[in-house]
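Data block for model.cif (mmCIF, C-alpha atoms):
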data_protein
loop_
_atom_site.group_PDB
_atom_site.id
_atom_site.type_symbol
_atom_site.label_atom_id
_atom_site.label_comp_id
_atom_site.auth_asym_id
_atom_site.auth_seq_id
_atom_site.Cartn_x
_atom_site.Cartn_y
_atom_site.Cartn_z
ATOM 1 C CA MET N 1 -42.266 48.529 -46.783
ATOM 2 C CA THR N 2 -42.132 49.515 -50.422
ATOM 3 C CA GLU N 3 -45.429 50.286 -52.104
ATOM 4 C CA LYS N 4 -46.407 51.330 -55.576
ATOM 5 C CA ILE N 5 -49.528 51.728 -57.645
ATOM 6 C CA THR N 6 -49.967 50.046 -61.014
ATOM 7 C CA LEU N 7 -52.401 51.654 -63.455
ATOM 8 C CA GLN N 8 -53.518 49.551 -66.390
ATOM 9 C CA THR N 9 -56.292 50.389 -68.796
ATOM 10 C CA THR N 10 -57.280 50.836 -72.429
ATOM 11 C CA PRO N 11 -59.311 53.582 -74.170
ATOM 12 C CA GLU N 12 -62.334 51.277 -74.394
ATOM 13 C CA LYS N 13 -62.436 50.797 -70.636
ATOM 14 C CA TYR N 14 -62.192 54.540 -70.086
ATOM 15 C CA GLU N 15 -65.127 55.175 -72.391
ATOM 16 C CA LYS N 16 -67.382 52.689 -70.591
ATOM 17 C CA CYS N 17 -67.088 54.782 -67.457
ATOM 18 C CA PHE N 18 -66.885 58.234 -69.033
ATOM 19 C CA PRO N 19 -68.828 57.999 -72.323
ATOM 20 C CA ASN N 20 -68.492 61.683 -73.266
ATOM 21 C CA VAL N 21 -64.747 62.038 -72.845
ATOM 22 C CA CYS N 22 -61.997 61.478 -75.417
ATOM 23 C CA PHE N 23 -58.849 59.705 -74.231
ATOM 24 C CA SER N 24 -55.493 59.165 -75.839
ATOM 25 C CA PRO N 25 -53.452 56.802 -73.625
ATOM 26 C CA PRO N 26 -50.787 54.587 -75.177
ATOM 27 C CA ASP N 27 -51.993 51.516 -77.065
ATOM 28 C CA GLY N 28 -52.427 48.367 -75.033
ATOM 29 C CA LEU N 29 -51.962 48.022 -71.287
ATOM 30 C CA ARG N 30 -50.013 50.626 -69.384
ATOM 31 C CA SER N 31 -48.269 50.539 -66.012
ATOM 32 C CA SER N 32 -47.438 53.739 -64.169
ATOM 33 C CA GLU N 33 -45.191 54.527 -61.234
ATOM 34 C CA PRO N 34 -44.655 57.817 -59.369
ATOM 35 C CA GLY N 35 -43.232 60.368 -61.781
ATOM 36 C CA ASP N 36 -44.927 58.884 -64.856
ATOM 37 C CA ILE N 37 -47.595 60.477 -67.007
ATOM 38 C CA VAL N 38 -51.127 59.285 -66.132
ATOM 39 C CA GLN N 39 -54.600 60.128 -67.370
ATOM 40 C CA ALA N 40 -56.702 62.242 -65.008
ATOM 41 C CA VAL N 41 -60.388 62.982 -65.498
ATOM 42 C CA CYS N 42 -61.399 66.431 -64.257
ATOM 43 C CA VAL N 43 -63.799 69.322 -64.780
ATOM 44 C CA MET N 44 -62.634 72.629 -66.219
ATOM 45 C CA ASP N 45 -64.911 75.509 -67.215
ATOM 46 C CA GLY N 46 -67.900 73.276 -66.601
ATOM 47 C CA MET N 47 -66.718 70.576 -69.028
ATOM 48 C CA LEU N 48 -65.571 67.052 -68.247
ATOM 49 C CA PHE N 49 -62.422 65.933 -69.991
ATOM 50 C CA ALA N 50 -59.226 63.877 -69.686
ATOM 51 C CA LYS N 51 -55.893 65.525 -69.011
ATOM 52 C CA GLU N 52 -52.420 64.043 -69.016
ATOM 53 C CA ALA N 53 -50.665 64.707 -65.727
ATOM 54 C CA THR N 54 -47.442 63.720 -64.032
ATOM 55 C CA TRP N 55 -48.015 61.551 -60.981
ATOM 56 C CA GLY N 56 -46.416 63.716 -58.301
ATOM 57 C CA TYR N 57 -48.394 66.765 -57.203
ATOM 58 C CA MET N 58 -46.440 70.043 -57.175
ATOM 59 C CA PRO N 59 -48.235 72.883 -55.326
ATOM 60 C CA PRO N 60 -48.140 76.294 -57.045
ATOM 61 C CA LYS N 61 -45.572 77.777 -54.619
ATOM 62 C CA ARG N 62 -43.263 74.768 -54.548
ATOM 63 C CA THR N 63 -39.855 75.174 -56.238
ATOM 64 C CA LEU N 64 -37.873 72.841 -58.450
ATOM 65 C CA ILE N 65 -36.115 71.345 -55.444
ATOM 66 C CA GLY N 66 -39.415 70.614 -53.713
ATOM 67 C CA LYS N 67 -40.465 66.996 -53.296
ATOM 68 C CA PRO N 68 -43.558 65.929 -55.272
ATOM 69 C CA ILE N 69 -46.558 64.652 -53.333
ATOM 70 C CA TYR N 70 -47.698 61.240 -54.582
ATOM 71 C CA TYR N 71 -50.360 60.537 -51.953
ATOM 72 C CA ALA N 72 -52.551 62.918 -49.943
ATOM 73 C CA ALA N 73 -54.097 61.499 -46.794
ATOM 74 C CA GLY N 74 -57.842 61.991 -46.912
ATOM 75 C CA ASP N 75 -58.248 62.253 -43.136
ATOM 76 C CA GLY N 76 -56.453 65.623 -43.106
ATOM 77 C CA ILE N 77 -57.116 66.837 -46.618
ATOM 78 C CA THR N 78 -58.876 70.055 -45.592
ATOM 79 C CA ARG N 79 -56.130 71.212 -43.199
ATOM 80 C CA LYS N 80 -53.025 71.363 -45.403
ATOM 81 C CA GLY N 81 -52.789 74.669 -47.282
ATOM 82 C CA THR N 82 -52.342 74.155 -51.014
ATOM 83 C CA ILE N 83 -53.465 70.527 -50.717
ATOM 84 C CA ALA N 84 -56.722 71.718 -49.166
ATOM 85 C CA SER N 85 -57.131 74.293 -51.939
ATOM 86 C CA ALA N 86 -56.684 71.624 -54.612
ATOM 87 C CA PHE N 87 -59.192 69.414 -52.811
ATOM 88 C CA ARG N 88 -61.733 72.230 -52.891
ATOM 89 C CA ASN N 89 -61.170 73.236 -56.510
ATOM 90 C CA TRP N 90 -59.272 70.603 -58.509
ATOM 91 C CA ARG N 91 -60.492 67.129 -57.650
ATOM 92 C CA CYS N 92 -59.948 64.476 -60.313
ATOM 93 C CA ILE N 93 -60.217 60.748 -60.968
ATOM 94 C CA VAL N 94 -57.485 58.429 -62.252
ATOM 95 C CA PRO N 95 -59.079 55.346 -63.876
ATOM 96 C CA ALA N 96 -57.250 52.048 -63.298
ATOM 97 C CA THR N 97 -57.891 48.336 -63.585
ATOM 98 C CA ASN N 98 -55.961 47.598 -60.384
ATOM 99 C CA PHE N 99 -53.481 48.886 -57.865
ATOM 100 C CA THR N 100 -50.500 46.911 -56.625
ATOM 101 C CA TYR N 101 -48.386 47.234 -53.516
ATOM 102 C CA LEU N 102 -45.169 45.429 -52.587
ATOM 103 C CA ARG N 103 -44.443 44.146 -49.091
ATOM 104 C CA GLU N 104 -41.673 42.101 -47.570
ATOM 105 C CA VAL N 105 -42.913 38.932 -45.882
ATOM 106 C CA LYS N 106 -40.424 36.745 -43.997
ATOM 107 C CA GLY N 107 -37.500 38.145 -45.952
ATOM 108 C CA ARG N 108 -39.100 37.799 -49.389
ATOM 109 C CA MET N 109 -40.866 40.483 -51.392
ATOM 110 C CA ARG N 110 -44.519 39.800 -52.154
ATOM 111 C CA ARG N 111 -46.722 41.615 -54.612
ATOM 112 C CA PHE N 112 -50.380 42.196 -53.733
ATOM 113 C CA LYS N 113 -52.611 43.087 -56.669
ATOM 114 C CA VAL N 114 -55.978 44.619 -55.754
ATOM 115 C CA TYR N 115 -58.796 44.822 -58.273
ATOM 116 C CA ARG N 116 -62.568 45.045 -58.396
ATOM 117 C CA ARG N 117 -64.358 41.761 -57.892
ATOM 118 C CA ASP N 118 -66.479 42.421 -60.996
ATOM 119 C CA ARG N 119 -63.295 43.263 -63.005
ATOM 120 C CA GLY N 120 -64.688 46.739 -63.682
ATOM 121 C CA LEU N 121 -62.723 49.964 -63.848
ATOM 122 C CA MET N 122 -61.421 51.284 -60.551
ATOM 123 C CA LEU N 123 -61.954 55.024 -60.043
ATOM 124 C CA LEU N 124 -59.052 56.308 -57.938
ATOM 125 C CA ALA N 125 -59.722 59.705 -56.392
ATOM 126 C CA GLY N 126 -57.092 62.405 -56.785
ATOM 127 C CA ILE N 127 -56.260 66.095 -56.708
ATOM 128 C CA LEU N 128 -54.858 68.044 -59.636
ATOM 129 C CA GLU N 129 -52.527 71.011 -60.084
ATOM 130 C CA PRO N 130 -53.201 72.177 -63.658
ATOM 131 C CA ASN N 131 -50.394 74.739 -63.984
ATOM 132 C CA PRO N 132 -47.208 74.062 -62.011
ATOM 133 C CA PRO N 133 -44.851 77.068 -61.956
ATOM 134 C CA HIS N 134 -41.472 75.553 -62.825
ATOM 135 C CA LEU N 135 -40.233 76.043 -66.362
ATOM 136 C CA GLY N 136 -40.100 73.024 -68.608
ATOM 137 C CA GLY N 137 -42.404 71.053 -66.340
ATOM 138 C CA PRO N 138 -45.491 69.099 -67.317
ATOM 139 C CA GLU N 139 -48.805 70.812 -67.868
ATOM 140 C CA ALA N 140 -50.356 69.216 -64.809
ATOM 141 C CA THR N 141 -49.481 67.150 -61.748
ATOM 142 C CA VAL N 142 -51.650 64.820 -59.695
ATOM 143 C CA ALA N 143 -51.683 63.053 -56.310
ATOM 144 C CA LEU N 144 -53.901 60.168 -55.231
ATOM 145 C CA ILE N 145 -56.163 60.538 -52.216
ATOM 146 C CA THR N 146 -55.753 57.831 -49.585
ATOM 147 C CA THR N 147 -58.083 56.429 -46.956
ATOM 148 C CA THR N 148 -58.047 53.840 -44.186
ATOM 149 C CA PRO N 149 -57.728 50.307 -45.593
ATOM 150 C CA ASN N 150 -60.701 48.015 -45.280
ATOM 151 C CA TRP N 151 -60.447 44.676 -43.477
ATOM 152 C CA LEU N 152 -59.356 42.846 -46.622
ATOM 153 C CA LEU N 153 -56.419 45.159 -47.343
ATOM 154 C CA ALA N 154 -55.380 45.394 -43.682
ATOM 155 C CA ARG N 155 -55.369 41.592 -43.532
ATOM 156 C CA HIS N 156 -52.823 41.619 -46.368
ATOM 157 C CA GLY N 157 -50.523 44.120 -44.678
ATOM 158 C CA LEU N 158 -51.705 47.468 -46.073
ATOM 159 C CA ARG N 159 -52.424 48.921 -42.654
ATOM 160 C CA LEU N 160 -51.962 52.699 -42.805
ATOM 161 C CA TYR N 161 -53.411 54.066 -46.048
ATOM 162 C CA ALA N 162 -54.892 52.780 -49.290
ATOM 163 C CA PRO N 163 -55.978 54.595 -52.471
ATOM 164 C CA LEU N 164 -59.517 55.925 -52.270
ATOM 165 C CA VAL N 165 -61.732 53.977 -54.682
ATOM 166 C CA LEU N 166 -64.919 55.857 -55.559
ATOM 167 C CA GLU N 167 -68.263 54.322 -56.434
ATOM 168 C CA GLN N 168 -69.902 55.175 -59.746
ATOM 169 C CA LYS N 169 -72.591 57.296 -58.053
ATOM 170 C CA GLN N 170 -69.873 59.393 -56.385
ATOM 171 C CA VAL N 171 -68.123 60.369 -59.627
ATOM 172 C CA GLU N 172 -70.251 63.366 -60.587
ATOM 173 C CA PRO N 173 -70.341 65.053 -57.149
ATOM 174 C CA TRP N 174 -66.625 64.341 -56.616
ATOM 175 C CA LEU N 175 -65.693 66.082 -59.861
ATOM 176 C CA ARG N 176 -68.164 68.954 -59.536
ATOM 177 C CA PRO N 177 -66.365 71.924 -57.886
ATOM 178 C CA ARG N 178 -69.566 73.269 -56.304
ATOM 179 C CA THR N 179 -70.273 70.115 -54.309
ATOM 180 C CA SER N 180 -70.098 70.944 -50.592
ATOM 181 C CA ILE N 181 -66.839 69.944 -48.935
ATOM 182 C CA ALA N 182 -68.786 68.093 -46.241
ATOM 183 C CA ASP N 183 -70.427 65.916 -48.902
ATOM 184 C CA VAL N 184 -67.114 65.259 -50.671
ATOM 185 C CA LYS N 185 -65.368 64.358 -47.415
ATOM 186 C CA SER N 186 -68.097 61.825 -46.697
ATOM 187 C CA PHE N 187 -66.823 59.825 -49.699
ATOM 188 C CA ILE N 188 -63.426 59.275 -48.067
ATOM 189 C CA GLN N 189 -64.212 55.856 -46.643
ATOM 190 C CA PRO N 190 -62.675 52.383 -47.012
ATOM 191 C CA PRO N 191 -64.207 50.413 -49.898
ATOM 192 C CA ALA N 192 -66.602 47.618 -49.061
ATOM 193 C CA ASP N 193 -64.739 44.348 -48.418
ATOM 194 C CA PHE N 194 -66.941 42.437 -50.829
ATOM 195 C CA ALA N 195 -66.168 44.869 -53.698
ATOM 196 C CA LEU N 196 -62.449 44.037 -53.965
ATOM 197 C CA LYS N 197 -60.215 41.011 -54.426
ATOM 198 C CA VAL N 198 -56.511 40.553 -53.735
ATOM 199 C CA ASN N 199 -54.101 38.282 -55.613
ATOM 200 C CA VAL N 200 -50.727 37.554 -54.000
ATOM 201 C CA TYR N 201 -47.627 36.792 -56.075
ATOM 202 C CA LEU N 202 -44.580 35.273 -54.407
ATOM 203 C CA ASP N 203 -42.310 36.246 -57.289
ATOM 204 C CA PRO N 204 -42.536 39.948 -58.275
ATOM 205 C CA VAL N 205 -41.490 39.038 -61.817
ATOM 206 C CA ALA N 206 -43.684 36.063 -62.654
ATOM 207 C CA GLU N 207 -47.347 37.031 -62.732
ATOM 208 C CA PRO N 208 -49.953 34.305 -63.309
ATOM 209 C CA ALA N 209 -53.259 35.165 -64.938
ATOM 210 C CA LEU N 210 -56.083 36.214 -62.661
ATOM 211 C CA ALA N 211 -58.396 33.359 -61.769
#
Just give me the structure as structure tokens.
Amino acid sequence: MTEKITLQTTPEKYEKCFPNVCFSPPDGLRSSEPGDIVQAVCVMDGMLFAKEATWGYMPPKRTLIGKPIYYAAGDGITRKGTIASAFRNWRCIVPATNFTYLREVKGRMRRFKVYRRDRGLMLLAGILEPNPPHLGGPEATVALITTTPNWLLARHGLRLYAPLVLEQKQVEPWLRPRTSIADVKSFIQPPADFALKVNVYLDPVAEPALA
């Protein structure tokens, strides 16, 4: 099964969720795949701000030939060395209007687009590495935290892991480094079924408007 995340948003939608942060994403809608530059919201020196990061987390001790980490499973996030360190100290949020995964069904590829039922901004939880060691690399790298899919996503074939979608009330404690790890881990839960919708497209190229 091939899966990917699609991030689409505009500066105005960022500002509605984070009113005190300045963003500079490209004009119009934007789609991102692993290896692309995304916008990550994080806290540094007690200040909240947006930082461009490459989607593909590179731990500090990983070399150029190391494989980037695109997803970090939330159920073992505190037991994996540098991943656990980033979870303790460098949590971030990647705003998105939806995420999309591809799955083969009866020999044909289907695209499943997941978005909030109220069409609001999705807050995808992540971890950040602000200063990767390799020369010529980006200033920061990021991985998305995953969780167990809810019933809706499992019903549509996403059975192992799904991006962790935070609620608005969880944003501040998630980003605050001093929040207890026990409290932060309690956020790693499947989203409520009623909060999300899924659109299925038989043709990965043709995409009808959302109803």
How many Å lie between atom CA of N:Pro177 and atom CA of N:Phe99, rounded to one decimal?
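Here the two named atoms are 26.4 Å from each other.
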Using all atoms listed in the file, pick whichever of N:Gln170, N:Thr147, N:Ser186, N:Asn199 has the shortest atom-to-atom distance to N:Gly74.
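Among N:Gln170, N:Thr147, N:Ser186, N:Asn199, it is N:Thr147 that comes nearest to N:Gly74.
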Do you know which residues the PyMOL selection byres ((chain N and resi 153) around 12) returns on this file, as number ranges by chain?
N: 99-101, 112-115, 147-152, 154-163, 190-200
Let me make sure I understand: among N:Ile37, N:Ala182, N:Leu202, N:Cys92, which one has the smallest atom-to-atom distance to N:Arg110 if we use only C-alpha atoms?
N:Leu202
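Comparing the minimum interatomic distances between N:Asn98 and each of N:Met122, N:Met47, N:Val142, N:Ile83, counting only C-alpha atoms, we find that N:Met122 sits nearest.
Counting all atoms listed in the file, the residue from N:Asp183, N:Asp118, N:Glu172, N:Glu104 that sits nearest to N:Gly46 is N:Glu172.
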For N:Leu124, which of N:Leu166, N:Thr97, N:Trp90, N:Ala72 is the closest residue, counting only C-alpha atoms?
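The shortest atom-to-atom distance to N:Leu124 comes from N:Leu166.
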Please output stretch 184-204 of chain N, rebuilt to include N, CA and C atoms, as a PDB file, in the frame of the given file.
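Ended up saving to result_3.pdb:
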ATOM      1  N   VAL N 184     -68.269  65.915 -50.045  1.00  0.00           N
ATOM      2  CA  VAL N 184     -67.114  65.259 -50.671  1.00  0.00           C
ATOM      3  C   VAL N 184     -66.315  64.473 -49.635  1.00  0.00           C
ATOM      4  N   LYS N 185     -66.120  65.057 -48.461  1.00  0.00           N
ATOM      5  CA  LYS N 185     -65.368  64.358 -47.415  1.00  0.00           C
ATOM      6  C   LYS N 185     -66.053  63.073 -46.976  1.00  0.00           C
ATOM      7  N   SER N 186     -67.375  63.029 -47.101  1.00  0.00           N
ATOM      8  CA  SER N 186     -68.097  61.825 -46.697  1.00  0.00           C
ATOM      9  C   SER N 186     -67.769  60.637 -47.604  1.00  0.00           C
ATOM     10  N   PHE N 187     -67.197  60.905 -48.789  1.00  0.00           N
ATOM     11  CA  PHE N 187     -66.823  59.825 -49.699  1.00  0.00           C
ATOM     12  C   PHE N 187     -65.516  59.145 -49.284  1.00  0.00           C
ATOM     13  N   ILE N 188     -64.748  59.794 -48.422  1.00  0.00           N
ATOM     14  CA  ILE N 188     -63.426  59.275 -48.067  1.00  0.00           C
ATOM     15  C   ILE N 188     -63.588  58.188 -47.012  1.00  0.00           C
ATOM     16  N   GLN N 189     -63.951  57.010 -47.482  1.00  0.00           N
ATOM     17  CA  GLN N 189     -64.212  55.856 -46.643  1.00  0.00           C
ATOM     18  C   GLN N 189     -63.537  54.632 -47.258  1.00  0.00           C
ATOM     19  N   PRO N 190     -63.216  53.618 -46.444  1.00  0.00           N
ATOM     20  CA  PRO N 190     -62.675  52.383 -47.012  1.00  0.00           C
ATOM     21  C   PRO N 190     -63.702  51.738 -47.940  1.00  0.00           C
ATOM     22  N   PRO N 191     -63.267  51.103 -49.019  1.00  0.00           N
ATOM     23  CA  PRO N 191     -64.207  50.413 -49.898  1.00  0.00           C
ATOM     24  C   PRO N 191     -64.814  49.208 -49.190  1.00  0.00           C
ATOM     25  N   ALA N 192     -65.972  48.797 -49.642  1.00  0.00           N
ATOM     26  CA  ALA N 192     -66.602  47.618 -49.061  1.00  0.00           C
ATOM     27  C   ALA N 192     -65.713  46.389 -49.300  1.00  0.00           C
ATOM     28  N   ASP N 193     -65.594  45.527 -48.292  1.00  0.00           N
ATOM     29  CA  ASP N 193     -64.739  44.348 -48.418  1.00  0.00           C
ATOM     30  C   ASP N 193     -65.161  43.465 -49.579  1.00  0.00           C
ATOM     31  N   PHE N 194     -66.462  43.337 -49.790  1.00  0.00           N
ATOM     32  CA  PHE N 194     -66.941  42.437 -50.829  1.00  0.00           C
ATOM     33  C   PHE N 194     -66.698  42.975 -52.234  1.00  0.00           C
ATOM     34  N   ALA N 195     -66.331  44.258 -52.373  1.00  0.00           N
ATOM     35  CA  ALA N 195     -66.168  44.869 -53.698  1.00  0.00           C
ATOM     36  C   ALA N 195     -64.797  44.604 -54.310  1.00  0.00           C
ATOM     37  N   LEU N 196     -63.813  44.186 -53.484  1.00  0.00           N
ATOM     38  CA  LEU N 196     -62.449  44.037 -53.965  1.00  0.00           C
ATOM     39  C   LEU N 196     -61.956  42.607 -53.793  1.00  0.00           C
ATOM     40  N   LYS N 197     -60.930  42.270 -54.583  1.00  0.00           N
ATOM     41  CA  LYS N 197     -60.215  41.011 -54.426  1.00  0.00           C
ATOM     42  C   LYS N 197     -58.723  41.309 -54.408  1.00  0.00           C
ATOM     43  N   VAL N 198     -57.963  40.405 -53.814  1.00  0.00           N
ATOM     44  CA  VAL N 198     -56.511  40.553 -53.735  1.00  0.00           C
ATOM     45  C   VAL N 198     -55.856  39.271 -54.236  1.00  0.00           C
ATOM     46  N   ASN N 199     -54.939  39.394 -55.183  1.00  0.00           N
ATOM     47  CA  ASN N 199     -54.101  38.282 -55.613  1.00  0.00           C
ATOM     48  C   ASN N 199     -52.687  38.517 -55.086  1.00  0.00           C
ATOM     49  N   VAL N 200     -52.065  37.462 -54.571  1.00  0.00           N
ATOM     50  CA  VAL N 200     -50.727  37.554 -54.000  1.00  0.00           C
ATOM     51  C   VAL N 200     -49.766  36.773 -54.883  1.00  0.00           C
ATOM     52  N   TYR N 201     -48.637  37.415 -55.234  1.00  0.00           N
ATOM     53  CA  TYR N 201     -47.627  36.792 -56.075  1.00  0.00           C
ATOM     54  C   TYR N 201     -46.329  36.688 -55.286  1.00  0.00           C
ATOM     55  N   LEU N 202     -45.805  35.478 -55.155  1.00  0.00           N
ATOM     56  CA  LEU N 202     -44.580  35.273 -54.407  1.00  0.00           C
ATOM     57  C   LEU N 202     -43.375  35.820 -55.150  1.00  0.00           C
ATOM     58  N   ASP N 203     -43.419  35.766 -56.480  1.00  0.00           N
ATOM     59  CA  ASP N 203     -42.310  36.246 -57.289  1.00  0.00           C
ATOM     60  C   ASP N 203     -42.737  37.533 -57.954  1.00  0.00           C
ATOM     61  N   PRO N 204     -42.121  38.685 -57.665  1.00  0.00           N
ATOM     62  CA  PRO N 204     -42.536  39.948 -58.275  1.00  0.00           C
ATOM     63  C   PRO N 204     -42.407  39.991 -59.778  1.00  0.00           C
TER      64      PRO N 204
END
